[in-house]
>>> print(open('model-v9.txt').read())   # compact mmCIF, C-alpha atoms and all ligand atoms
# COMPACT_ATOMS: atom_id res chain seq x y z
CA MET A 1077 31.04 -30.96 -1.47
CA PRO A 1078 29.68 -31.36 2.06
CA LEU A 1079 30.04 -28.62 4.65
CA VAL A 1080 33.68 -28.25 5.70
CA VAL A 1081 34.16 -27.53 9.41
CA VAL A 1082 37.57 -26.36 10.58
CA ILE A 1083 38.28 -26.87 14.27
CA THR A 1084 41.42 -24.98 15.22
CA GLY A 1085 43.17 -23.68 18.33
CA PRO A 1086 46.37 -24.41 20.24
CA SER A 1087 47.73 -27.91 20.74
CA GLY A 1088 46.50 -29.37 24.01
CA VAL A 1089 43.30 -27.35 24.12
CA GLY A 1090 41.21 -30.49 23.69
CA LYS A 1091 40.18 -30.22 20.03
CA GLY A 1092 40.33 -33.99 19.57
CA THR A 1093 38.25 -34.76 22.66
CA LEU A 1094 35.65 -32.15 21.71
CA ILE A 1095 35.42 -33.51 18.18
CA ALA A 1096 34.95 -37.05 19.47
CA ALA A 1097 32.15 -35.84 21.77
CA LEU A 1098 30.56 -33.86 18.93
CA ARG A 1099 30.61 -36.87 16.61
CA GLU A 1100 28.74 -38.91 19.24
CA ARG A 1101 25.97 -36.33 19.23
CA VAL A 1102 25.70 -35.48 15.52
CA GLU A 1103 25.59 -38.16 12.84
CA GLY A 1104 27.37 -37.99 9.51
CA LEU A 1105 30.43 -35.99 10.55
CA ARG A 1106 33.54 -37.46 8.95
CA LEU A 1107 36.93 -36.58 10.37
CA SER A 1108 39.57 -35.83 7.75
CA VAL A 1109 42.75 -37.88 8.26
CA SER A 1110 45.78 -35.59 8.01
CA ALA A 1111 49.28 -36.37 6.83
CA THR A 1112 52.22 -35.68 9.14
CA THR A 1113 55.96 -36.22 9.39
CA ARG A 1114 55.89 -36.68 13.15
CA ALA A 1115 56.34 -40.15 14.61
CA PRO A 1116 53.24 -42.06 15.71
CA ARG A 1117 52.45 -41.93 19.41
CA ALA A 1118 51.70 -45.15 21.26
CA GLY A 1119 48.43 -46.55 19.98
CA GLU A 1120 48.21 -44.36 16.89
CA VAL A 1121 47.44 -46.21 13.68
CA ASP A 1122 48.64 -45.23 10.19
CA GLY A 1123 45.71 -44.26 7.97
CA VAL A 1124 43.39 -43.88 10.96
CA ASP A 1125 44.92 -41.23 13.21
CA TYR A 1126 47.22 -39.81 10.56
CA PHE A 1127 48.98 -40.82 7.38
CA PHE A 1128 52.52 -41.01 8.77
CA LEU A 1129 54.94 -39.97 6.02
CA ASP A 1130 58.66 -39.37 5.83
CA ARG A 1131 59.83 -35.88 4.92
CA ASP A 1132 60.63 -36.81 1.31
CA ARG A 1133 57.20 -38.22 0.67
CA PHE A 1134 55.54 -35.21 2.30
CA ALA A 1135 57.61 -32.84 0.11
CA GLU A 1136 56.68 -34.86 -2.96
CA LEU A 1137 52.97 -34.48 -2.17
CA VAL A 1138 53.45 -30.72 -1.67
CA GLU A 1139 55.08 -30.59 -5.12
CA GLN A 1140 52.14 -32.47 -6.59
CA ASN A 1141 49.72 -29.95 -5.05
CA ALA A 1142 48.06 -32.81 -3.17
CA PHE A 1143 47.33 -30.66 -0.08
CA VAL A 1144 44.50 -28.21 0.50
CA GLU A 1145 46.66 -26.72 3.24
CA HIS A 1146 49.86 -27.65 4.99
CA ALA A 1147 51.96 -26.11 7.75
CA ASP A 1148 55.16 -26.49 9.72
CA TYR A 1149 54.30 -26.91 13.36
CA ALA A 1150 56.75 -27.44 16.25
CA GLY A 1151 59.37 -28.86 13.89
CA GLU A 1152 57.09 -31.23 11.97
CA ARG A 1153 54.92 -30.95 8.88
CA TYR A 1154 51.15 -31.42 8.84
CA GLY A 1155 48.68 -31.21 5.98
CA THR A 1156 45.17 -31.93 4.74
CA LEU A 1157 45.06 -34.02 1.58
CA ARG A 1158 42.61 -32.88 -1.10
CA ASP A 1159 41.35 -36.45 -1.36
CA GLU A 1160 40.07 -36.20 2.21
CA LEU A 1161 37.60 -33.51 1.17
CA VAL A 1162 36.02 -35.64 -1.52
CA SER A 1163 32.79 -36.73 0.06
CA GLU A 1164 30.78 -39.89 0.40
CA ARG A 1165 27.07 -39.37 0.06
CA SER A 1166 26.52 -40.15 3.74
CA ASP A 1167 28.78 -37.29 4.88
CA ARG A 1168 26.94 -34.27 6.16
CA ALA A 1169 30.19 -32.53 6.97
CA VAL A 1170 33.92 -33.11 6.94
CA LEU A 1171 35.80 -31.96 10.04
CA LEU A 1172 39.38 -30.71 9.84
CA GLU A 1173 41.27 -30.64 13.12
CA ILE A 1174 44.18 -28.34 12.24
CA GLU A 1175 46.42 -25.63 13.65
CA VAL A 1176 45.99 -21.93 12.90
CA GLN A 1177 48.27 -21.49 9.85
CA GLY A 1178 46.36 -24.23 8.10
CA ALA A 1179 43.01 -22.73 9.14
CA ARG A 1180 44.06 -19.46 7.47
CA GLN A 1181 44.85 -21.28 4.22
CA VAL A 1182 41.46 -22.99 4.28
CA ARG A 1183 39.81 -19.61 4.90
CA GLU A 1184 41.45 -18.31 1.70
CA LYS A 1185 40.62 -21.33 -0.42
CA LEU A 1186 37.24 -22.32 0.99
CA PRO A 1187 35.69 -19.15 2.43
CA GLU A 1188 32.38 -20.99 2.84
CA ALA A 1189 33.90 -23.41 5.37
CA LEU A 1190 32.79 -23.03 8.97
CA GLN A 1191 35.72 -22.14 11.22
CA VAL A 1192 35.70 -22.55 14.99
CA PHE A 1193 38.55 -21.61 17.30
CA ILE A 1194 38.80 -23.63 20.52
CA ALA A 1195 40.37 -21.59 23.31
CA PRO A 1196 41.63 -22.73 26.72
CA PRO A 1197 40.19 -21.01 29.81
CA SER A 1198 43.75 -19.78 30.56
CA ALA A 1199 47.38 -20.21 29.52
CA ALA A 1200 48.07 -22.08 32.76
CA ASP A 1201 45.29 -24.50 31.92
CA LEU A 1202 46.86 -25.23 28.54
CA ARG A 1203 50.22 -26.06 30.14
CA ARG A 1204 48.48 -28.33 32.64
CA ARG A 1205 46.74 -30.20 29.83
CA LEU A 1206 49.86 -30.62 27.70
CA GLU A 1207 51.82 -31.88 30.68
CA GLY A 1208 48.95 -34.00 31.95
CA ARG A 1209 48.31 -35.95 28.77
CA GLY A 1210 51.81 -37.41 28.99
CA THR A 1211 52.24 -37.88 25.25
CA ASP A 1212 55.04 -35.37 24.64
CA SER A 1213 58.59 -34.83 25.85
CA PRO A 1214 59.33 -31.68 27.92
CA GLU A 1215 61.06 -30.14 24.84
CA THR A 1216 58.04 -30.82 22.67
CA ILE A 1217 55.73 -29.34 25.30
CA GLU A 1218 57.81 -26.14 25.37
CA ARG A 1219 57.71 -25.88 21.58
CA ARG A 1220 53.97 -26.37 21.60
CA LEU A 1221 53.50 -23.74 24.31
CA GLN A 1222 55.57 -21.30 22.26
CA ALA A 1223 53.43 -22.01 19.22
CA ALA A 1224 50.33 -21.59 21.41
CA GLU A 1225 51.23 -17.96 22.17
CA ALA A 1226 51.01 -17.07 18.48
CA GLU A 1227 47.91 -19.20 18.08
CA MET A 1228 46.13 -17.49 20.97
CA ALA A 1229 46.94 -14.13 19.39
CA ALA A 1230 45.13 -15.30 16.23
CA GLN A 1231 41.91 -15.96 18.12
CA ASP A 1232 40.35 -12.62 17.06
CA GLU A 1233 40.49 -13.69 13.42
CA PHE A 1234 37.78 -16.22 14.16
CA ALA A 1235 34.12 -15.29 14.40
CA ARG A 1236 33.34 -18.42 16.39
CA VAL A 1237 35.31 -19.06 19.56
CA VAL A 1238 34.43 -21.84 21.99
CA VAL A 1239 36.16 -21.80 25.38
CA ASN A 1240 36.87 -25.37 26.48
CA ASP A 1241 36.24 -24.74 30.17
CA ASP A 1242 33.97 -27.74 30.60
CA LEU A 1243 33.76 -30.58 28.08
CA ASP A 1244 30.00 -31.03 28.20
CA ARG A 1245 29.23 -27.31 28.01
CA ALA A 1246 31.77 -26.69 25.24
CA THR A 1247 30.47 -29.70 23.26
CA THR A 1248 26.93 -28.32 23.49
CA GLU A 1249 28.09 -24.93 22.21
CA LEU A 1250 30.02 -26.52 19.34
CA GLU A 1251 27.07 -28.77 18.55
CA GLN A 1252 24.75 -25.74 18.26
CA ILE A 1253 27.20 -23.97 15.94
CA VAL A 1254 27.60 -27.04 13.71
CA ARG A 1255 23.87 -27.84 13.63
CA GLY A 1256 23.17 -24.22 12.70
CA ALA A 1257 25.62 -24.37 9.80
CA LEU A 1258 24.26 -27.74 8.68
CA SER A 1259 20.70 -26.43 8.52
CA GLU A 1260 21.83 -23.35 6.58
CA THR A 1261 23.61 -25.63 4.11
CA VAL A 1262 20.42 -27.64 3.60
CA GLU A 1263 18.27 -24.51 3.24
CA SER A 1264 20.52 -22.96 0.63
CA GLY A 1265 20.30 -26.26 -1.27
CA ARG A 1266 24.02 -26.86 -1.37
P1 LIG B 1 49.64 -33.46 17.13
O1 LIG B 1 51.08 -33.67 16.80
O2 LIG B 1 49.43 -33.12 18.58
O3 LIG B 1 48.77 -34.58 16.65
O4 LIG B 1 49.18 -32.17 16.30
C1 LIG B 1 49.86 -30.96 16.44
C2 LIG B 1 49.02 -29.83 15.86
O5 LIG B 1 48.89 -30.00 14.46
C3 LIG B 1 47.60 -29.79 16.43
O6 LIG B 1 47.26 -28.43 16.69
C4 LIG B 1 46.78 -30.36 15.31
O7 LIG B 1 45.46 -29.86 15.30
C5 LIG B 1 47.53 -29.86 14.11
N1 LIG B 1 47.24 -30.61 12.88
C6 LIG B 1 46.88 -31.91 12.75
N2 LIG B 1 46.68 -32.21 11.46
C7 LIG B 1 46.89 -31.07 10.76
C8 LIG B 1 46.79 -30.74 9.36
O8 LIG B 1 46.46 -31.54 8.51
N3 LIG B 1 47.10 -29.46 9.03
C9 LIG B 1 47.46 -28.52 9.94
N4 LIG B 1 47.72 -27.30 9.48
N5 LIG B 1 47.54 -28.80 11.25
C10 LIG B 1 47.26 -30.06 11.65
>>> encode(input="model-v9.txt", output="structure tokens")
Amino acid sequence: MPLVVVITGPSGVGKGTLIAALRERVEGLRLSVSATTRAPRAGEVDGVDYFFLDRDRFAELVEQNAFVEHADYAGERYGTLRDELVSERSDRAVLLEIEVQGARQVREKLPEALQVFIAPPSAADLRRRLEGRGTDSPETIERRLQAAEAEMAAQDEFARVVVNDDLDRATTELEQIVRGALSETVESGR
């Protein structure tokens, strides 16, 4: 199995943007495609951004133990399919962009996975980002901000915390962490 890298932190903190920037700088990082019950946003493509499933199908996959981790988040279900962790030879690492409950499950099951918590510079900044990206209704934003309080409290569980104060700076920090873990993986012959 390649190195598994979990990128977690509250919704709206910029995990997706950071991951995209990281993947431009480091080759061979595959992004795991999650399953979710939430509706696609404009421009999102099934099988690319997510596997969009109805609640029955999601429950069926849970029953079949098809998920490495799954969580209820802001009224919807999200999960990482085991199949997504099966690697191609060209993968140096598989990235999971997931919320905190899922990150905890991965920590239990795959303690060797690298886990990085992305934190906002402030709570006000997180609200600004969620409102600014214009993808969610006001109700959804409130739910996400509520969830963010608990997620921010979980920050201390993570040895690696990157504050997303500036995209370029935060990407460089994340890149150093990932490159460090990749070279350790190679050295230990895994
Ligand atoms: P969004 O609806 O904004 O795409 O995602 C909401 C939250 O769910 C984000 O924090 C995102 O990282 C997280 N998420 C996405 N996929 C998964 C997954 O497979 N498992 C878990 N636990 N969280 C996920």
>>> closest_residue(input="model-v9.txt", among="A:Ser1198, A:Ser1166, A:Thr1093, A:Gln1177", to="ligand LIG 1 (chain B)", atoms="all atoms listed in the file")
A:Gln1177
>>> atom_distance(input="model-v9.txt", atom1="atom CA of Val1124 of chain A", atom2="atom CA of His1146 of chain A")
18.5 Å
>>> axis_aligned_box(input="model-v9.txt", around="segment 1235-1240 of chain A", padding_each_side="4 Å", output="JSON")
{"center_x": 35.1, "center_y": -20.3, "center_z": 20.4, "size_x": 11.5, "size_y": 18.1, "size_z": 20.1}
>>> residues_near_ligand(input="model-v9.txt", ligand="ligand LIG 1 (chain B)", cutoff="9 Å", atoms="all atoms listed in the file", output="PDB file with C-alpha atoms, keeping the file's coordinate frame")
ATOM      1  CA  ILE A1083      38.280 -26.870  14.270  1.00  0.00           C
ATOM      2  CA  THR A1084      41.420 -24.980  15.220  1.00  0.00           C
ATOM      3  CA  GLY A1085      43.170 -23.680  18.330  1.00  0.00           C
ATOM      4  CA  PRO A1086      46.370 -24.410  20.240  1.00  0.00           C
ATOM      5  CA  SER A1087      47.730 -27.910  20.740  1.00  0.00           C
ATOM      6  CA  GLY A1088      46.500 -29.370  24.010  1.00  0.00           C
ATOM      7  CA  VAL A1089      43.300 -27.350  24.120  1.00  0.00           C
ATOM      8  CA  LYS A1091      40.180 -30.220  20.030  1.00  0.00           C
ATOM      9  CA  GLY A1092      40.330 -33.990  19.570  1.00  0.00           C
ATOM     10  CA  SER A1108      39.570 -35.830   7.750  1.00  0.00           C
ATOM     11  CA  VAL A1109      42.750 -37.880   8.260  1.00  0.00           C
ATOM     12  CA  SER A1110      45.780 -35.590   8.010  1.00  0.00           C
ATOM     13  CA  ALA A1111      49.280 -36.370   6.830  1.00  0.00           C
ATOM     14  CA  THR A1112      52.220 -35.680   9.140  1.00  0.00           C
ATOM     15  CA  ARG A1114      55.890 -36.680  13.150  1.00  0.00           C
ATOM     16  CA  ALA A1115      56.340 -40.150  14.610  1.00  0.00           C
ATOM     17  CA  PRO A1116      53.240 -42.060  15.710  1.00  0.00           C
ATOM     18  CA  ARG A1117      52.450 -41.930  19.410  1.00  0.00           C
ATOM     19  CA  ASP A1125      44.920 -41.230  13.210  1.00  0.00           C
ATOM     20  CA  TYR A1126      47.220 -39.810  10.560  1.00  0.00           C
ATOM     21  CA  PHE A1143      47.330 -30.660  -0.080  1.00  0.00           C
ATOM     22  CA  VAL A1144      44.500 -28.210   0.500  1.00  0.00           C
ATOM     23  CA  GLU A1145      46.660 -26.720   3.240  1.00  0.00           C
ATOM     24  CA  HIS A1146      49.860 -27.650   4.990  1.00  0.00           C
ATOM     25  CA  ALA A1147      51.960 -26.110   7.750  1.00  0.00           C
ATOM     26  CA  ASP A1148      55.160 -26.490   9.720  1.00  0.00           C
ATOM     27  CA  TYR A1149      54.300 -26.910  13.360  1.00  0.00           C
ATOM     28  CA  ALA A1150      56.750 -27.440  16.250  1.00  0.00           C
ATOM     29  CA  GLU A1152      57.090 -31.230  11.970  1.00  0.00           C
ATOM     30  CA  ARG A1153      54.920 -30.950   8.880  1.00  0.00           C
ATOM     31  CA  TYR A1154      51.150 -31.420   8.840  1.00  0.00           C
ATOM     32  CA  GLY A1155      48.680 -31.210   5.980  1.00  0.00           C
ATOM     33  CA  THR A1156      45.170 -31.930   4.740  1.00  0.00           C
ATOM     34  CA  LEU A1157      45.060 -34.020   1.580  1.00  0.00           C
ATOM     35  CA  LEU A1172      39.380 -30.710   9.840  1.00  0.00           C
ATOM     36  CA  GLU A1173      41.270 -30.640  13.120  1.00  0.00           C
ATOM     37  CA  ILE A1174      44.180 -28.340  12.240  1.00  0.00           C
ATOM     38  CA  GLU A1175      46.420 -25.630  13.650  1.00  0.00           C
ATOM     39  CA  VAL A1176      45.990 -21.930  12.900  1.00  0.00           C
ATOM     40  CA  GLN A1177      48.270 -21.490   9.850  1.00  0.00           C
ATOM     41  CA  GLY A1178      46.360 -24.230   8.100  1.00  0.00           C
ATOM     42  CA  ALA A1179      43.010 -22.730   9.140  1.00  0.00           C
ATOM     43  CA  ARG A1180      44.060 -19.460   7.470  1.00  0.00           C
ATOM     44  CA  GLN A1181      44.850 -21.280   4.220  1.00  0.00           C
ATOM     45  CA  THR A1211      52.240 -37.880  25.250  1.00  0.00           C
ATOM     46  CA  ASP A1212      55.040 -35.370  24.640  1.00  0.00           C
ATOM     47  CA  ARG A1220      53.970 -26.370  21.600  1.00  0.00           C
ATOM     48  CA  ALA A1224      50.330 -21.590  21.410  1.00  0.00           C
TER      49      ALA A1224
END
>>> atom_distance(input="model-v9.txt", atom1="atom CA of Val1254 of chain A", atom2="atom CA of Pro1197 of chain A")
21.3 Å
>>> closest_residue(input="model-v9.txt", among="A:Glu1249, A:Gly1151, A:Arg1209, A:Val1239", to="Gln1222 of chain A", atoms="all atoms listed in the file")
A:Gly1151
>>> residues_around(input="model-v9.txt", residues="Leu1098 of chain A", least_positions_apart="3", cutoff="9 Å", atoms="all atoms listed in the file", output="MDAnalysis selection string")
chainID A and resid 1093:1095 1101:1103 1105 1247:1248 1250:1251
>>> residues_around(input="model-v9.txt", residues="Ile1217 of chain A", least_positions_apart="4", cutoff="9 Å", atoms="only C-alpha atoms", output="ChimeraX atom specification")
/A:1203,1206-1207,1212-1213,1221-1222
>>> closest_residue(input="model-v9.txt", among="A:Val1238, A:Leu1186, A:Leu1171, A:Ala1195", to="Arg1099 of chain A", atoms="all atoms listed in the file")
A:Leu1171
>>> closest_residue(input="model-v9.txt", among="A:Val1182, A:Gly1210, A:Phe1193, A:Gly1256", to="Ala1235 of chain A", atoms="only C-alpha atoms")
A:Phe1193
>>> closest_residue(input="model-v9.txt", among="A:Asp1244, A:Glu1184, A:Arg1236, A:Leu1107", to="Ser1163 of chain A", atoms="only C-alpha atoms")
A:Leu1107
>>> atom_distance(input="model-v9.txt", atom1="atom CA of Arg1219 of chain A", atom2="atom CA of Arg1131 of chain A")
19.5 Å
>>> closest_residue(input="model-v9.txt", among="A:Glu1100, A:Asp1122, A:Thr1261, A:Thr1113", to="Ala1135 of chain A", atoms="all atoms listed in the file")
A:Thr1113
>>> decode(input="model-v9.txt", residues="segment 1162-1178 of chain A", atoms="N, CA and C atoms", output="tab-separated table (two decimals), in the first residue's frame")
chain	number	residue	atom	x	y	z
A	1162	VAL	N	-6.67	0.96	-2.69
A	1162	VAL	CA	-5.89	0.00	-3.47
A	1162	VAL	C	-5.09	0.80	-4.48
A	1163	SER	N	-3.78	0.55	-4.51
A	1163	SER	CA	-2.95	1.49	-5.27
A	1163	SER	C	-2.58	1.00	-6.66
A	1164	GLU	N	-2.34	1.97	-7.51
A	1164	GLU	CA	-1.68	1.74	-8.79
A	1164	GLU	C	-0.19	1.86	-8.52
A	1165	ARG	N	0.61	1.28	-9.38
A	1165	ARG	CA	2.04	1.33	-9.10
A	1165	ARG	C	2.60	2.74	-9.14
A	1166	SER	N	1.94	3.62	-9.92
A	1166	SER	CA	2.47	4.98	-10.05
A	1166	SER	C	2.13	5.86	-8.84
A	1167	ASP	N	1.29	5.38	-7.94
A	1167	ASP	CA	0.92	6.21	-6.78
A	1167	ASP	C	2.04	6.21	-5.74
A	1168	ARG	N	2.46	7.41	-5.40
A	1168	ARG	CA	3.41	7.49	-4.27
A	1168	ARG	C	2.63	7.62	-2.97
A	1169	ALA	N	1.48	8.24	-3.06
A	1169	ALA	CA	0.64	8.40	-1.87
A	1169	ALA	C	-0.81	8.57	-2.30
A	1170	VAL	N	-1.71	8.20	-1.40
A	1170	VAL	CA	-3.13	8.44	-1.62
A	1170	VAL	C	-3.56	9.47	-0.58
A	1171	LEU	N	-4.21	10.53	-1.04
A	1171	LEU	CA	-4.65	11.60	-0.14
A	1171	LEU	C	-6.12	11.43	0.19
A	1172	LEU	N	-6.46	11.51	1.46
A	1172	LEU	CA	-7.86	11.50	1.88
A	1172	LEU	C	-8.21	12.87	2.41
A	1173	GLU	N	-9.20	13.51	1.80
A	1173	GLU	CA	-9.64	14.82	2.30
A	1173	GLU	C	-10.92	14.57	3.07
A	1174	ILE	N	-10.83	14.49	4.38
A	1174	ILE	CA	-11.99	14.03	5.19
A	1174	ILE	C	-12.14	14.87	6.46
A	1175	GLU	N	-13.33	14.80	7.07
A	1175	GLU	CA	-13.54	15.54	8.31
A	1175	GLU	C	-12.97	14.72	9.49
A	1176	VAL	N	-13.08	15.34	10.68
A	1176	VAL	CA	-12.32	14.83	11.83
A	1176	VAL	C	-12.76	13.44	12.32
A	1177	GLN	N	-14.07	13.16	12.33
A	1177	GLN	CA	-14.50	11.84	12.83
A	1177	GLN	C	-13.90	10.72	11.97
A	1178	GLY	N	-13.86	10.98	10.67
A	1178	GLY	CA	-13.28	10.01	9.76
A	1178	GLY	C	-11.77	9.87	9.98
